[in-house]
Every structure is written in structure tokens, then in C-alpha cells.
Amino acid sequence: MSDQSVLVYTTFWYDRMMSDTKLLKQFVESFARMDEMLAPEGVPDELLVKAESETWESWREFSRWQPLPVETDPAELDPLYQRIGGTFPPLYEHLLLSYRWLEVDLKLLRLFANPPGDNFTGLSEAIFADRALAEVLIPTGYVPFGRSSVNYDPMCFDLNTRAPTGDCPVIQFEHEAILCERQIGEQWQRWDSFRDLMSEVVLLDS
């Protein structure tokens with residue numbers, strides 16, 4: 001490879017990395033635009049939005065939460081990767097390693113929580129919370145990371161289909177066939193990649 005080719009290649013991936021960082025930031029900022037962010041019972045203190053001043057009005061208001069920038073060692077994902085038999089798309093992995101949040105309604109889907117902690121136990125619990133869905137989907141390469149905003153259909157990464165970038169399609173599965181018959185029924189490819197999903201969320205109502 002010539003010096004010029006190396007320069008072009010390096011510039012391309014630098015620009016892509018900067019683009020990813022910007023998209024990630026915009027995606028997380030969209031949480032507050034899409035969801036009321038009302039704090040549930042037992043919300044971790046570090047996610048609570050602190051009132052600027054304690055007044056009678058502030059005491060009457062509902063508590064709210066906000067996503068928290070937190071850098072986590074990538075090695076902490078290894079136990080979860082062993083359980084699901086694969087790796088997440090790079091942008092989702094970057095999201096997990098950079099932020100902590102509660103389950104959030106993004107209108108196009110509900111994104112599973114990645115709550116504060118030294119590892120990803122909270123996320124793992126969300127992925128495997130419904131045993132029937134996990135036992136049918138995950139062995140076939142489909143990993144739930146959220147669900148439909150209007151019903152119980154799981155939204156999954158298709159780890160069987162990878163782009164050169166490592167990204168993968170997002171598939172919605174009809175939940176009743178899985179829960180009632182323990183088999184995959186209807187399915188729909190909602191996005192070609194997690195990047196496409198993030199981009200659509202960012203542009204929605206912006």
C-alpha cells in the first residue's frame with residue numbers, strides 16, 4: 001500500500017470515528033426528547049436529576065433521571081458475550097461502554113436499560129429477563145436489546161448477518177409464537193443496521 005493510500009485509509013477511519021462519536025452523543029441526547037424520563041422507584045442516585053433549588057414546587061414535581069457518561073473496561077463485556085455466543089455491533093458496544101441509562105422509550109422501540117455498575121449485570125438481566133424469548137432467540141443468533149414501543153415484540157440484533165463494519169440488521173419478532181409455541185413466527189427487518197436505527201431516532205421530531 002502506497003503512502004498516499006495509507007493516508008486516505010487513515011483519514012477515512014478517523015472521519016468515521018468522529019462521525020460515530022457525534023452520532024452516539026446525538027442519540028443519547030434524544031432520550032430526553034423522546035421520553036418523559038420519569039424516575040421509577042429505586043432509581044440509582046447517580047442517574048437522578050438534582051433540583052437546582054429545593055422549593056415547595058420542586059418537592060411537588062416528579063423526579064426525573066438522565067443518562068450518565070461512564071467509561072467501562074471493554075473486558076467487562078466478555079461474560080455477556082460468552083452467554084450470547086457473539087459480540088454486539090460496534091456502535092452499540094461503544095454506547096454500552098460510554099453511558100449508563102434506564103429503559104427508555106424512543107418511540108421506534110424501547111431500549112433496554114444499561115444501569116450503573118462495575119459490569120453489565122443489569123443489561124444481562126434485561127436480555128435474559130424473559131426466559132422463553134431468550135431460549136428461543138439467542139441460540140439462533142438473535143439477541144434482544146429492546147422491544148416494540150407498542151407491544152411485547154422483542155427487537156433483536158441479527159448476529160448471523162454482519163456488514164464489513166461489524167454492524168448487523170435489527171429484527172422485530174412477533175412474540176406470541178415464541179411464548180405460546182416456543183418457535184419463531186413472523187419477523188420483520190426493521191433496520192439494516194444499528195447505525196440506521198440510531199440515525200432515525202436522532203432525526204425523529206428533531
# chains A, B, ... in the order shown; residues from 1 in each chain; ligands from 1
>>> residues_around(residues="stretch 99-113 of chain A", least_positions_apart="2", cutoff="8 Å", atoms="only C-alpha atoms", output="mmCIF file with C-alpha atoms, in the first residue's frame")
data_model
loop_
_atom_site.group_PDB
_atom_site.id
_atom_site.type_symbol
_atom_site.label_atom_id
_atom_site.label_comp_id
_atom_site.auth_asym_id
_atom_site.auth_seq_id
_atom_site.Cartn_x
_atom_site.Cartn_y
_atom_site.Cartn_z
ATOM 1 C CA SER A 30 -32.522 12.246 22.064
ATOM 2 C CA PHE A 31 -33.570 10.250 25.160
ATOM 3 C CA MET A 34 -38.494 11.101 23.259
ATOM 4 C CA ASP A 35 -39.220 10.020 26.837
ATOM 5 C CA MET A 37 -37.630 10.329 31.839
ATOM 6 C CA LEU A 47 -28.932 8.929 37.472
ATOM 7 C CA GLN A 66 -30.787 11.306 32.942
ATOM 8 C CA PRO A 67 -28.207 9.147 31.141
ATOM 9 C CA LEU A 68 -24.771 9.200 32.721
ATOM 10 C CA PRO A 69 -21.448 9.260 30.823
ATOM 11 C CA VAL A 70 -19.374 6.423 32.284
ATOM 12 C CA GLU A 71 -16.356 4.725 30.733
ATOM 13 C CA LEU A 95 -22.800 3.066 23.624
ATOM 14 C CA LEU A 96 -22.619 0.466 26.399
ATOM 15 C CA LEU A 97 -19.019 1.291 27.237
ATOM 16 C CA PRO A 115 -27.854 0.649 34.629
ATOM 17 C CA PRO A 116 -24.841 1.872 36.615
ATOM 18 C CA GLY A 122 -28.075 -5.151 34.726
ATOM 19 C CA LEU A 123 -28.091 -5.321 30.936
ATOM 20 C CA ALA A 126 -32.747 -7.383 30.895
ATOM 21 C CA ILE A 127 -31.695 -9.518 27.919
ATOM 22 C CA PHE A 145 -31.730 -5.394 23.155
ATOM 23 C CA GLY A 146 -35.161 -3.776 23.345
ATOM 24 C CA ARG A 147 -38.780 -4.254 22.405
ATOM 25 C CA SER A 148 -41.512 -2.603 20.386
ATOM 26 C CA SER A 149 -42.953 0.585 21.848
ATOM 27 C CA MET A 155 -36.160 -6.129 18.932
ATOM 28 C CA VAL A 201 -34.067 8.150 16.234
#
>>> select_by_dssp(residues="chain A", states="alpha helix (DSSP H)", output="ChimeraX atom specification")
/A:3-34,56-60,78-84,90-98,121-127,131-137,175-181,194-203
>>> atom_distance(atom1="atom CA of A:Leu38", atom2="atom CA of A:Ser63")
6.1 Å
>>> closest_residue(among="A:Glu135, A:Glu176, A:Glu200, A:Asp20", to="A:Asp153", atoms="only C-alpha atoms")
A:Glu176
>>> select_by_dssp(residues="stretch 22-144 of chain A", states="strand (DSSP E)", output="PDB file with C-alpha atoms, in the first residue's frame")
ATOM      1  CA  LEU A  68     -24.771   9.200  32.721  1.00  0.00           C
ATOM      2  CA  PRO A  69     -21.448   9.260  30.823  1.00  0.00           C
ATOM      3  CA  TYR A  99     -23.028   5.560  29.018  1.00  0.00           C
ATOM      4  CA  ARG A 100     -25.371   4.178  31.672  1.00  0.00           C
ATOM      5  CA  VAL A 104     -36.115   4.390  27.654  1.00  0.00           C
ATOM      6  CA  ASP A 105     -38.959   4.782  25.148  1.00  0.00           C
ATOM      7  CA  ARG A 110     -37.977   0.701  23.945  1.00  0.00           C
ATOM      8  CA  LEU A 111     -34.254   0.359  24.610  1.00  0.00           C
ATOM      9  CA  TYR A 142     -30.877 -13.188  17.622  1.00  0.00           C
ATOM     10  CA  VAL A 143     -30.105 -11.124  20.719  1.00  0.00           C
ATOM     11  CA  PRO A 144     -32.836  -8.917  22.238  1.00  0.00           C
TER      12      PRO A 144
END
>>> residues_around(residues="A:Gly86", least_positions_apart="2", cutoff="12 Å", atoms="only C-alpha atoms", output="NGL selection string")
:A and (77-84 or 88-89 or 93 or 138-143 or 157-162 or 166 or 168)
>>> closest_residue(among="A:Tyr92, A:Pro154, A:Glu76, A:Ser98", to="A:Asp196", atoms="only C-alpha atoms")
A:Tyr92
>>> closest_residue(among="A:Leu24, A:Ala134, A:Val49, A:Leu197", to="A:Ile184", atoms="only C-alpha atoms")
A:Ala134
>>> atom_distance(atom1="atom CA of A:Ser193", atom2="atom CA of A:His94")
14.6 Å
>>> residues_around(residues="A:Ala132", least_positions_apart="2", cutoff="8 Å", atoms="only C-alpha atoms", output="compact mmCIF listing (two decimals) with C-alpha atoms, in the first residue's frame")
# COMPACT_ATOMS: atom_id res chain seq x y z
CA ASP A 130 -37.99 -13.35 29.61
CA ALA A 134 -34.11 -15.84 25.40
CA GLU A 135 -34.19 -19.63 25.00
CA VAL A 136 -35.72 -19.45 21.52
CA ILE A 178 -42.39 -17.66 20.75
CA LEU A 179 -44.24 -17.50 24.06
CA ARG A 182 -41.71 -21.94 21.63
>>> atom_distance(atom1="atom CA of A:Pro44", atom2="atom CA of A:Pro74")
22.3 Å
